[in-house]
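Student: data06.json is reproduced below (JSON, C-alpha atoms).
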```
[["chain", "number", "residue", "atom", "x", "y", "z"],
["A", 72, "MET", "CA", 0.00, 0.00, 0.00],
["A", 73, "ARG", "CA", 1.07, 3.55, -0.46],
["A", 74, "LYS", "CA", 0.88, 6.84, 1.39],
["A", 75, "PRO", "CA", -2.72, 7.86, 2.22],
["A", 76, "LEU", "CA", -4.34, 11.00, 0.85],
["A", 77, "VAL", "CA", -3.87, 13.11, 3.97],
["A", 78, "ALA", "CA", -0.15, 12.43, 4.16],
["A", 79, "ALA", "CA", 0.35, 13.01, 0.46],
["A", 80, "LEU", "CA", -1.56, 16.29, 0.53],
["A", 81, "PHE", "CA", 0.31, 17.47, 3.61],
["A", 82, "ALA", "CA", 3.63, 16.78, 1.96],
["A", 83, "LEU", "CA", 2.58, 18.67, -1.14],
["A", 84, "VAL", "CA", 1.26, 21.65, 0.80],
["A", 85, "ILE", "CA", 4.59, 21.90, 2.59],
["A", 86, "ALA", "CA", 6.30, 21.80, -0.79],
["A", 87, "GLY", "CA", 3.95, 24.45, -2.16],
["A", 88, "ALA", "CA", 2.19, 22.09, -4.57],
["A", 89, "GLY", "CA", -1.50, 21.72, -5.21],
["A", 90, "ALA", "CA", -3.40, 18.44, -4.95],
["A", 91, "ALA", "CA", -2.40, 14.83, -5.56],
["A", 92, "PRO", "CA", -4.11, 11.49, -6.06],
["A", 93, "ALA", "CA", -4.78, 9.40, -3.00],
["A", 94, "VAL", "CA", -2.06, 6.81, -3.34],
["A", 95, "ALA", "CA", 0.18, 8.32, -5.96],
["A", 96, "ALA", "CA", 3.73, 9.25, -5.08],
["A", 97, "PRO", "CA", 5.19, 12.53, -6.37],
["A", 98, "ALA", "CA", 5.99, 12.42, -10.08],
["A", 99, "PRO", "CA", 9.45, 11.21, -11.06],
["A", 100, "GLU", "CA", 12.00, 13.75, -12.20],
["A", 101, "SER", "CA", 11.27, 12.97, -15.81],
["A", 102, "ALA", "CA", 7.78, 12.88, -17.26],
["A", 103, "PRO", "CA", 5.96, 9.53, -17.17],
["A", 104, "GLU", "CA", 6.64, 7.44, -20.23],
["A", 105, "HIS", "CA", 3.85, 7.47, -22.79],
["A", 106, "SER", "CA", 5.38, 4.87, -25.08],
["A", 107, "SER", "CA", 4.68, 1.17, -24.96],
["A", 108, "ALA", "CA", 6.90, -1.45, -26.54],
["A", 109, "SER", "CA", 9.47, 1.20, -27.31],
["A", 110, "ALA", "CA", 9.82, 1.88, -23.58],
["A", 111, "VAL", "CA", 10.59, -1.75, -22.80],
["A", 112, "THR", "CA", 14.25, -2.51, -22.33],
["A", 113, "ALA", "CA", 16.39, -5.51, -23.19],
["A", 114, "ASP", "CA", 14.09, -8.01, -21.43],
["A", 115, "THR", "CA", 11.44, -7.81, -24.18],
["A", 116, "ARG", "CA", 13.92, -7.97, -27.06],
["A", 117, "ALA", "CA", 14.46, -11.69, -26.47],
["A", 118, "PRO", "CA", 12.73, -13.58, -29.30],
["A", 119, "ALA", "CA", 10.71, -15.78, -26.93],
["A", 120, "LEU", "CA", 9.14, -12.81, -25.14],
["A", 121, "LYS", "CA", 6.30, -10.48, -26.07],
["A", 122, "ALA", "CA", 6.50, -6.69, -26.03],
["A", 123, "VAL", "CA", 3.98, -5.87, -23.32],
["A", 124, "SER", "CA", 2.22, -2.53, -23.82],
["A", 125, "LEU", "CA", -0.24, -0.33, -21.95],
["A", 126, "ALA", "CA", -3.17, -1.42, -24.11],
["A", 127, "GLY", "CA", -6.06, -2.50, -21.88],
["A", 128, "THR", "CA", -4.72, -0.82, -18.76],
["A", 129, "VAL", "CA", -6.76, 1.88, -17.04],
["A", 130, "ALA", "CA", -6.06, 4.90, -14.90],
["A", 131, "LEU", "CA", -8.12, 5.32, -11.73],
["A", 132, "SER", "CA", -8.30, 8.53, -9.71],
["A", 133, "ASN", "CA", -5.70, 7.17, -7.28],
["A", 134, "CYS", "CA", -4.41, 3.89, -8.71],
["A", 135, "SER", "CA", -3.82, 1.74, -11.76],
["A", 136, "GLY", "CA", -5.84, -1.16, -13.11],
["A", 137, "SER", "CA", -6.69, -3.18, -16.21],
["A", 138, "VAL", "CA", -9.65, -4.50, -18.15],
["A", 139, "VAL", "CA", -9.52, -8.26, -17.63],
["A", 140, "ARG", "CA", -11.28, -11.40, -18.74],
["A", 141, "PHE", "CA", -11.07, -15.02, -17.71],
["A", 142, "PRO", "CA", -10.54, -18.12, -19.88],
["A", 143, "ASN", "CA", -14.30, -18.80, -19.90],
["A", 144, "SER", "CA", -15.44, -15.18, -20.41],
["A", 145, "ALA", "CA", -17.55, -14.44, -23.52],
["A", 146, "ASP", "CA", -17.30, -11.33, -25.68],
["A", 147, "THR", "CA", -20.88, -10.48, -24.76],
["A", 148, "ASP", "CA", -20.17, -10.55, -21.01],
["A", 149, "PRO", "CA", -19.95, -7.31, -19.03],
["A", 150, "ALA", "CA", -16.27, -6.38, -18.88],
["A", 151, "LEU", "CA", -14.34, -6.33, -15.60],
["A", 152, "VAL", "CA", -11.63, -4.05, -14.22],
["A", 153, "LEU", "CA", -9.03, -5.44, -11.80],
["A", 154, "SER", "CA", -7.28, -3.25, -9.25],
["A", 155, "ASN", "CA", -6.34, -3.45, -5.55],
["A", 156, "GLY", "CA", -8.59, -3.77, -2.53],
["A", 157, "HIS", "CA", -6.88, -0.73, -1.06],
["A", 158, "CYS", "CA", -7.81, 1.27, -4.18],
["A", 159, "LEU", "CA", -11.53, 0.94, -3.42],
["A", 160, "GLU", "CA", -13.16, 4.39, -3.54],
["A", 161, "THR", "CA", -15.00, 3.85, -0.25],
["A", 162, "GLY", "CA", -11.79, 3.15, 1.69],
["A", 163, "PHE", "CA", -9.66, 0.20, 2.72],
["A", 164, "PRO", "CA", -11.63, -2.97, 3.53],
["A", 165, "GLU", "CA", -11.00, -4.01, 7.13],
["A", 166, "PRO", "CA", -9.14, -7.24, 7.90],
["A", 167, "GLY", "CA", -11.65, -10.05, 7.41],
["A", 168, "GLU", "CA", -14.02, -7.86, 5.37],
["A", 169, "VAL", "CA", -15.25, -8.99, 1.96],
["A", 170, "ILE", "CA", -17.38, -6.66, -0.17],
["A", 171, "VAL", "CA", -19.66, -8.15, -2.82],
["A", 172, "GLY", "CA", -22.10, -6.42, -5.17],
["A", 173, "GLN", "CA", -21.58, -2.89, -3.87],
["A", 174, "SER", "CA", -23.03, -0.17, -6.09],
["A", 175, "SER", "CA", -20.40, 1.91, -7.91],
["A", 176, "SER", "CA", -20.33, 4.43, -10.76],
["A", 177, "ARG", "CA", -16.55, 4.85, -10.71],
["A", 178, "THR", "CA", -14.89, 5.84, -13.98],
["A", 179, "PHE", "CA", -11.68, 4.56, -15.57],
["A", 180, "GLY", "CA", -9.52, 6.05, -18.31],
["A", 181, "LEU", "CA", -8.88, 3.33, -20.89],
["A", 182, "LEU", "CA", -5.43, 3.45, -22.49],
["A", 183, "ASN", "CA", -4.11, 2.22, -25.83],
["A", 184, "SER", "CA", -0.67, 0.75, -26.42],
["A", 185, "ALA", "CA", 0.95, 4.20, -26.49],
["A", 186, "GLY", "CA", -0.58, 5.19, -23.15],
["A", 187, "THR", "CA", -3.09, 7.56, -24.73],
["A", 188, "LYS", "CA", -6.55, 7.71, -23.17],
["A", 189, "VAL", "CA", -9.08, 6.55, -25.74],
["A", 190, "ALA", "CA", -12.23, 6.24, -23.64],
["A", 191, "THR", "CA", -13.83, 6.63, -20.24],
["A", 192, "LEU", "CA", -15.32, 3.40, -18.91],
["A", 193, "ARG", "CA", -17.82, 3.28, -16.07],
["A", 194, "ALA", "CA", -18.50, 0.71, -13.35],
["A", 195, "SER", "CA", -21.95, -0.59, -12.53],
["A", 196, "LYS", "CA", -20.84, -2.24, -9.30],
["A", 197, "VAL", "CA", -18.00, -3.60, -7.22],
["A", 198, "ALA", "CA", -18.26, -7.30, -7.98],
["A", 199, "TYR", "CA", -15.69, -8.24, -5.31],
["A", 200, "SER", "CA", -13.24, -6.50, -3.01],
["A", 201, "THR", "CA", -11.07, -7.57, -0.08],
["A", 202, "MET", "CA", -7.72, -7.04, 1.59],
["A", 203, "THR", "CA", -7.86, -10.39, 3.37],
["A", 204, "ASP", "CA", -5.46, -13.09, 2.06],
["A", 205, "THR", "CA", -5.12, -11.00, -1.10],
["A", 206, "ASP", "CA", -5.56, -7.35, -2.13],
["A", 207, "ILE", "CA", -8.03, -7.08, -5.00],
["A", 208, "THR", "CA", -11.02, -5.12, -6.22],
["A", 209, "ILE", "CA", -12.93, -6.30, -9.29],
["A", 210, "TYR", "CA", -15.37, -3.85, -10.85],
["A", 211, "GLN", "CA", -18.10, -4.84, -13.28],
["A", 212, "LEU", "CA", -18.49, -2.32, -16.10],
["A", 213, "THR", "CA", -21.50, -1.05, -18.02],
["A", 214, "SER", "CA", -19.76, -2.09, -21.29],
["A", 215, "THR", "CA", -19.15, -5.54, -22.73],
["A", 216, "TYR", "CA", -15.80, -6.77, -24.03],
["A", 217, "ALA", "CA", -17.17, -6.67, -27.58],
["A", 218, "THR", "CA", -18.31, -3.06, -27.22],
["A", 219, "ILE", "CA", -14.91, -1.97, -25.92],
["A", 220, "ARG", "CA", -13.02, -3.80, -28.66],
["A", 221, "ASN", "CA", -15.32, -2.66, -31.48],
["A", 222, "SER", "CA", -15.45, 0.94, -30.30],
["A", 223, "TYR", "CA", -11.85, 1.51, -29.26],
["A", 224, "GLY", "CA", -9.81, -1.38, -30.69],
["A", 225, "ILE", "CA", -8.75, -2.52, -27.21],
["A", 226, "SER", "CA", -8.92, -6.14, -26.04],
["A", 227, "ALA", "CA", -9.04, -7.19, -22.41],
["A", 228, "LEU", "CA", -6.05, -8.86, -20.76],
["A", 229, "THR", "CA", -6.60, -12.51, -19.89],
["A", 230, "VAL", "CA", -6.02, -13.64, -16.30],
["A", 231, "GLN", "CA", -3.91, -16.81, -16.18],
["A", 232, "ASN", "CA", -5.56, -19.58, -14.15],
["A", 233, "THR", "CA", -2.35, -21.33, -13.10],
["A", 234, "HIS", "CA", 0.21, -20.38, -10.45],
["A", 235, "PRO", "CA", 3.05, -18.14, -11.69],
["A", 236, "THR", "CA", 6.62, -19.47, -11.81],
["A", 237, "ALA", "CA", 9.74, -18.11, -10.14],
["A", 238, "GLY", "CA", 12.14, -16.52, -12.60],
["A", 239, "THR", "CA", 9.41, -15.51, -15.05],
["A", 240, "ALA", "CA", 10.07, -12.28, -16.95],
["A", 241, "ILE", "CA", 7.25, -9.89, -16.09],
["A", 242, "THR", "CA", 6.03, -6.36, -16.80],
["A", 243, "VAL", "CA", 4.14, -4.23, -14.29],
["A", 244, "ALA", "CA", 1.99, -1.96, -16.48],
["A", 245, "SER", "CA", 0.85, 1.19, -14.68],
["A", 246, "GLY", "CA", -2.09, 2.97, -16.26],
["A", 247, "TYR", "CA", -1.85, 5.78, -13.72],
["A", 248, "TRP", "CA", 1.76, 6.69, -14.58],
["A", 249, "LYS", "CA", 1.60, 5.34, -18.17],
["A", 250, "LYS", "CA", 4.79, 3.48, -17.44],
["A", 251, "LEU", "CA", 6.11, -0.06, -17.76],
["A", 252, "TYR", "CA", 8.38, -1.71, -15.17],
["A", 253, "ASN", "CA", 10.30, -4.80, -16.27],
["A", 254, "CYS", "CA", 11.85, -7.41, -13.99],
["A", 255, "ASN", "CA", 11.41, -11.05, -12.94],
["A", 256, "VAL", "CA", 9.51, -13.00, -10.33],
["A", 257, "ASP", "CA", 12.13, -13.35, -7.59],
["A", 258, "GLY", "CA", 10.08, -15.77, -5.51],
["A", 259, "PHE", "CA", 6.98, -16.22, -3.38],
["A", 260, "VAL", "CA", 6.25, -15.09, 0.16],
["A", 261, "TYR", "CA", 4.40, -17.44, 2.53],
["A", 262, "ARG", "CA", 2.81, -14.51, 4.34],
["A", 263, "LEU", "CA", 3.24, -10.81, 3.60],
["A", 264, "LYS", "CA", 2.21, -8.66, 6.56],
["A", 265, "GLU", "CA", 1.54, -4.92, 6.39],
["A", 266, "GLY", "CA", -0.09, -3.12, 9.29],
["A", 267, "ASP", "CA", -3.30, -4.99, 10.17],
["A", 268, "TRP", "CA", -3.42, -6.91, 6.88],
["A", 269, "THR", "CA", -1.88, -10.25, 5.92],
["A", 270, "TRP", "CA", -1.63, -11.65, 2.39],
["A", 271, "LYS", "CA", -0.88, -15.22, 1.38],
["A", 272, "ASP", "CA", 1.59, -16.54, -1.21],
["A", 273, "SER", "CA", 2.57, -13.09, -2.52],
["A", 274, "VAL", "CA", 4.87, -12.45, -5.48],
["A", 275, "ARG", "CA", 8.22, -10.79, -4.74],
["A", 276, "TYR", "CA", 9.87, -8.91, -7.61],
["A", 277, "THR", "CA", 13.54, -8.61, -8.40],
["A", 278, "SER", "CA", 14.82, -5.12, -7.62],
["A", 279, "ALA", "CA", 14.41, -3.77, -11.17],
["A", 280, "CYS", "CA", 10.67, -3.28, -10.59],
["A", 281, "ASN", "CA", 10.99, -0.19, -8.41],
["A", 282, "THR", "CA", 7.27, 0.60, -8.43],
["A", 283, "ILE", "CA", 5.94, 3.72, -6.70],
["A", 284, "GLY", "CA", 2.67, 5.07, -5.32],
["A", 285, "GLY", "CA", 0.01, 5.15, -8.03],
["A", 286, "THR", "CA", 1.19, 1.83, -9.49],
["A", 287, "SER", "CA", -1.08, 0.04, -7.04],
["A", 288, "GLY", "CA", -3.51, -2.17, -8.96],
["A", 289, "SER", "CA", -1.28, -2.49, -12.05],
["A", 290, "PRO", "CA", -1.51, -5.83, -13.86],
["A", 291, "VAL", "CA", 1.62, -7.98, -13.64],
["A", 292, "VAL", "CA", 1.97, -9.52, -17.09],
["A", 293, "ASP", "CA", 3.95, -12.62, -18.01],
["A", 294, "GLN", "CA", 6.09, -11.48, -20.95],
["A", 295, "ALA", "CA", 6.02, -14.94, -22.55],
["A", 296, "THR", "CA", 2.23, -15.34, -22.60],
["A", 297, "GLY", "CA", 0.86, -11.80, -22.31],
["A", 298, "LYS", "CA", -1.40, -12.99, -19.49],
["A", 299, "VAL", "CA", -1.98, -11.41, -16.08],
["A", 300, "VAL", "CA", -0.37, -13.44, -13.29],
["A", 301, "ALA", "CA", -0.66, -10.97, -10.39],
["A", 302, "VAL", "CA", -1.73, -7.47, -9.36],
["A", 303, "ASN", "CA", 0.89, -5.03, -8.05],
["A", 304, "ASN", "CA", 0.13, -3.83, -4.52],
["A", 305, "THR", "CA", 2.94, -2.78, -2.19],
["A", 306, "GLY", "CA", 6.61, -2.33, -1.34],
["A", 307, "ASN", "CA", 8.83, -1.73, 1.67],
["A", 308, "GLU", "CA", 9.67, 1.97, 1.50],
["A", 309, "ASP", "CA", 11.58, 2.77, 4.69],
["A", 310, "GLY", "CA", 12.94, -0.53, 6.01],
["A", 311, "GLU", "CA", 10.44, -0.63, 8.88],
["A", 312, "ARG", "CA", 9.06, -3.95, 10.07],
["A", 313, "CYS", "CA", 5.48, -4.93, 9.16],
["A", 314, "THR", "CA", 4.08, -1.37, 9.23],
["A", 315, "VAL", "CA", 1.89, 0.39, 6.65],
["A", 316, "ASN", "CA", 3.99, 1.01, 3.52],
["A", 317, "ASN", "CA", 6.64, -1.32, 4.97],
["A", 318, "PRO", "CA", 5.46, -4.92, 4.54],
["A", 319, "CYS", "CA", 7.52, -7.75, 6.00],
["A", 320, "GLU", "CA", 7.87, -11.35, 4.90],
["A", 321, "VAL", "CA", 6.86, -14.09, 7.34],
["A", 322, "ASP", "CA", 7.82, -17.69, 6.61],
["A", 323, "ALA", "CA", 5.98, -20.84, 7.71],
["A", 324, "SER", "CA", 8.04, -20.95, 10.92],
["A", 325, "GLY", "CA", 7.20, -17.37, 11.83],
["A", 326, "ASN", "CA", 10.59, -15.90, 10.91],
["A", 327, "VAL", "CA", 10.37, -12.29, 9.73],
["A", 328, "THR", "CA", 12.43, -10.78, 6.90],
["A", 329, "VAL", "CA", 12.46, -7.10, 5.92],
["A", 330, "ARG", "CA", 13.61, -6.15, 2.41],
["A", 331, "GLN", "CA", 13.76, -2.40, 2.04],
["A", 332, "GLY", "CA", 13.14, -1.20, -1.52],
["A", 333, "ILE", "CA", 11.63, -4.50, -2.66],
["A", 334, "ASN", "CA", 8.11, -4.56, -4.09],
["A", 335, "TYR", "CA", 5.34, -7.14, -4.21],
["A", 336, "ALA", "CA", 2.17, -8.29, -5.94],
["A", 337, "GLU", "CA", -0.75, -10.58, -5.17],
["A", 338, "GLU", "CA", -1.38, -13.63, -7.33],
["A", 339, "THR", "CA", -4.52, -13.73, -9.47],
["A", 340, "TYR", "CA", -4.67, -17.35, -10.69],
["A", 341, "GLN", "CA", -7.31, -18.21, -8.08],
["A", 342, "ILE", "CA", -9.82, -15.59, -9.34],
["A", 343, "PRO", "CA", -11.16, -17.23, -12.56],
["A", 344, "ALA", "CA", -12.65, -20.20, -10.68],
["A", 345, "CYS", "CA", -14.91, -17.79, -8.77],
["A", 346, "PHE", "CA", -16.54, -16.31, -11.89],
["A", 347, "THR", "CA", -18.97, -18.45, -13.86],
["A", 348, "THR", "CA", -21.11, -18.00, -16.98],
["A", 349, "GLY", "CA", -21.76, -14.37, -17.79],
["A", 350, "ASN", "CA", -18.83, -13.22, -15.61],
["A", 351, "LYS", "CA", -21.04, -13.73, -12.57],
["A", 352, "LEU", "CA", -19.33, -14.04, -9.20],
["A", 353, "ASN", "CA", -20.00, -17.38, -7.51],
["A", 354, "LEU", "CA", -17.95, -17.80, -4.34],
["A", 355, "ALA", "CA", -19.50, -21.24, -3.85],
["A", 356, "ALA", "CA", -18.22, -22.50, -7.22],
["A", 357, "SER", "CA", -15.97, -25.56, -7.27],
["A", 358, "GLY", "CA", -12.34, -24.52, -6.88],
["A", 359, "CYS", "CA", -13.12, -21.01, -5.66],
["A", 360, "VAL", "CA", -10.87, -20.22, -2.69],
["A", 361, "LEU", "CA", -11.31, -16.43, -2.43],
["A", 362, "PRO", "CA", -12.35, -15.25, 1.05],
["A", 363, "LYS", "CA", -16.10, -15.13, 1.53],
["A", 364, "PRO", "CA", -18.22, -12.51, 3.39]]
```
Please express the file's structure as structure tokens.
Tutor:
Amino acid sequence: MRKPLVAALFALVIAGAGAAPAVAAPAPESAPEHSSASAVTADTRAPALKAVSLAGTVALSNCSGSVVRFPNSADTDPALVLSNGHCLETGFPEPGEVIVGQSSSRTFGLLNSAGTKVATLRASKVAYSTMTDTDITIYQLTSTYATIRNSYGISALTVQNTHPTAGTAITVASGYWKKLYNCNVDGFVYRLKEGDWTWKDSVRYTSACNTIGGTSGSPVVDQATGKVVAVNNTGNEDGERCTVNNPCEVDASGNVTVRQGINYAEETYQIPACFTTGNKLNLAASGCVLPKP
């Protein structure tokens, strides 16, 4: 998770700036990159890898996200947007809280491969949101996949339904900053603890993915398949132990490790089993292991 709105605004007021998004860090010294494949470095030049772009990502008011579909989704289904639980517009879900079917009219800026906004999409509801075991919000949109593709030439990203693999070359695609971060899956964390929240089997990046505030909710894309394998959510900023903005790793024996400057994501392979025909959420479906209300 990143700095809350009050802290970000206070810092900017002190600096003489105006307003800032809720979880976005101050802008980098150079302007955010608006290119796509051209911004990707040596990792995506390998013949076996795809050039991941910003197409299908979205910018929220305070976070990043992406239009996603599952292996069994149909073109006529209402489209879905994936972001973080802590990006929910009504505030962070409490530990143990699961939100299902909450009304929402939130809007999202849809980006093309060059990072240019081509449309504004609108939610009809929060299909699912939690910060327990994982950190996800899934919005249902008023548009179908077919409508989005036919109107704007943008296809949804597919969520992989198998566990990611250590060493995989990945891209974190931030719609908020219009920037791509390239690195590898360094490994998996038994428990990732941050403040009052605990997440299971989290993805740890190699150090090249130095994500910042505002990248929360970005899809983590496998460069070999182009599929979403996780959703970016946090990083240890100050070297503190298990505090907000400073998650710690806890192994199965309870040993705690702090890795300052290292960033993390939450796996998404378990989500498709919980959505059935018509992209309808069914937490009782066979194989669905997402936390229930």
Student: How close does each residue of stretch 152-268 of chain A get to stretch 282-304 of chain A, giving the shortest atom pair and distance in Å to one decimal for every residue with an atom at most 8 Å away, counting all atoms listed in the file, sorted by chain and residue number, as CSV?
Tutor:
```
residue,atom,partner,partner_atom,distance
A:Leu153,CA,A:Gly288,CA,7.0
A:Ser154,CA,A:Gly288,CA,3.9
A:Asn155,CA,A:Gly288,CA,4.6
A:Cys158,CA,A:Gly288,CA,7.3
A:Asp206,CA,A:Asn304,CA,7.1
A:Ile207,CA,A:Val302,CA,7.7
A:Leu228,CA,A:Lys298,CA,6.3
A:Thr229,CA,A:Lys298,CA,5.2
A:Val230,CA,A:Val299,CA,4.6
A:Gln231,CA,A:Lys298,CA,5.6
A:His234,CA,A:Val300,CA,7.5
A:Pro235,CA,A:Val300,CA,6.0
A:Thr239,CA,A:Asp293,CA,6.9
A:Ala240,CA,A:Gln294,CA,5.7
A:Ile241,CA,A:Asp293,CA,4.7
A:Thr242,CA,A:Val292,CA,5.2
A:Val243,CA,A:Val291,CA,4.6
A:Ala244,CA,A:Ser289,CA,5.5
A:Ser245,CA,A:Ser289,CA,5.0
A:Gly246,CA,A:Ser289,CA,6.9
A:Tyr247,CA,A:Gly285,CA,6.0
A:Trp248,CA,A:Gly285,CA,7.0
A:Tyr252,CA,A:Thr282,CA,7.2
```
Student: Go ahead and save the residues from that selection, with C-alpha atoms, as an mmCIF file, keeping the file's coordinate frame.
Tutor:
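Saved to selection-v9.cif:
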```cif
data_model
loop_
_atom_site.group_PDB
_atom_site.id
_atom_site.type_symbol
_atom_site.label_atom_id
_atom_site.label_comp_id
_atom_site.auth_asym_id
_atom_site.auth_seq_id
_atom_site.Cartn_x
_atom_site.Cartn_y
_atom_site.Cartn_z
ATOM 1 C CA LEU A 153 -9.030 -5.440 -11.800
ATOM 2 C CA SER A 154 -7.280 -3.250 -9.250
ATOM 3 C CA ASN A 155 -6.340 -3.450 -5.550
ATOM 4 C CA CYS A 158 -7.810 1.270 -4.180
ATOM 5 C CA ASP A 206 -5.560 -7.350 -2.130
ATOM 6 C CA ILE A 207 -8.030 -7.080 -5.000
ATOM 7 C CA LEU A 228 -6.050 -8.860 -20.760
ATOM 8 C CA THR A 229 -6.600 -12.510 -19.890
ATOM 9 C CA VAL A 230 -6.020 -13.640 -16.300
ATOM 10 C CA GLN A 231 -3.910 -16.810 -16.180
ATOM 11 C CA HIS A 234 0.210 -20.380 -10.450
ATOM 12 C CA PRO A 235 3.050 -18.140 -11.690
ATOM 13 C CA THR A 239 9.410 -15.510 -15.050
ATOM 14 C CA ALA A 240 10.070 -12.280 -16.950
ATOM 15 C CA ILE A 241 7.250 -9.890 -16.090
ATOM 16 C CA THR A 242 6.030 -6.360 -16.800
ATOM 17 C CA VAL A 243 4.140 -4.230 -14.290
ATOM 18 C CA ALA A 244 1.990 -1.960 -16.480
ATOM 19 C CA SER A 245 0.850 1.190 -14.680
ATOM 20 C CA GLY A 246 -2.090 2.970 -16.260
ATOM 21 C CA TYR A 247 -1.850 5.780 -13.720
ATOM 22 C CA TRP A 248 1.760 6.690 -14.580
ATOM 23 C CA TYR A 252 8.380 -1.710 -15.170
#
```
Student: What's the separation between atom CA of A:Ile225 and atom CA of A:Thr147, in Å to one decimal place?
Tutor: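 These atoms are spaced 14.7 Å apart.
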Student: Taking all atoms listed in the file into account, which of A:Gly127, A:Pro343, A:Pro362, A:Gly306 comes nearest A:Arg330?
Tutor: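 So, comparing all the options, the nearest one is A:Gly306.
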Student: Which is closest to A:Pro142 among A:Lys363, A:Asn232, A:Ala279, A:Tyr340, if we use all atoms listed in the file?
Tutor: A:Asn232
Student: In Å, rounded to a single decimal, give me how far atom CA of A:Phe259 is from atom CA of A:Cys134.
Tutor: 23.7 Å
Student: Quick one: distance from atom CA of A:Phe163 to atom CA of A:Thr269 in Å, one decimal?
Tutor: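 For atom CA of A:Phe163 relative to atom CA of A:Thr269, the distance reads 13.4 Å.
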Student: Neighbours of A:Arg193 within 7 Å (all atoms listed in the file; same-chain residues fewer than 5 positions away dropped), as an mmCIF file with C-alpha atoms, in the frame of the given file?
Tutor:
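Contents of result_11.cif, as written:
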```
data_model
loop_
_atom_site.group_PDB
_atom_site.id
_atom_site.type_symbol
_atom_site.label_atom_id
_atom_site.label_comp_id
_atom_site.auth_asym_id
_atom_site.auth_seq_id
_atom_site.Cartn_x
_atom_site.Cartn_y
_atom_site.Cartn_z
ATOM 1 C CA SER A 176 -20.330 4.430 -10.760
ATOM 2 C CA ARG A 177 -16.550 4.850 -10.710
ATOM 3 C CA THR A 178 -14.890 5.840 -13.980
ATOM 4 C CA PHE A 179 -11.680 4.560 -15.570
ATOM 5 C CA LEU A 212 -18.490 -2.320 -16.100
ATOM 6 C CA THR A 213 -21.500 -1.050 -18.020
#
```
Student: Between A:Met72, A:Leu263, A:Leu192, A:Cys254, which one has atoms that come closest to A:Pro149, using only C-alpha atoms?
Tutor: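 The shortest atom-to-atom distance to A:Pro149 comes from A:Leu192.
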Student: Show me, as a VMD selection string, the residues that have an atom within 12 Å of A:Thr314 when counting all atoms listed in the file, minus same-chain residues fewer than 6 positions from it.
Tutor: chain A and resid 72 to 74 263 to 269 305 to 308 320 329
Student: Restricting the calculation to all atoms listed in the file, which member of A:Ala145, A:Leu182, A:Leu352, A:Leu251 is positioned closest to A:Leu131?
Tutor: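 Closest residue, counting all atoms listed in the file: A:Leu182.
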Student: Between A:Thr215, A:Thr205, A:Ser226, A:Gln341, which one has atoms that come closest to A:Leu125, using only C-alpha atoms?
Tutor: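 Among the listed residues, the smallest separation from A:Leu125 belongs to A:Ser226.
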Student: Quick one: everything within 12 Å of A:Asp146, counting all atoms listed in the file, minus sequence neighbours fewer than 5 positions away in the same chain. Send it as a ChimeraX atom specification.
Tutor: /A:139-141,151,214-221,226-227,348-350
Student: As AutoDock Vina command-line options, what would the box around stretch 118-136 of chain A look like: edges along x, y and z, 5 Å added on every side, centre and edge lengths in Å to one decimal?
Tutor:
```
--center_x 2.2 --center_y -3.6 --center_z -18.3 --size_x 31.0 --size_y 34.3 --size_z 32.0
```
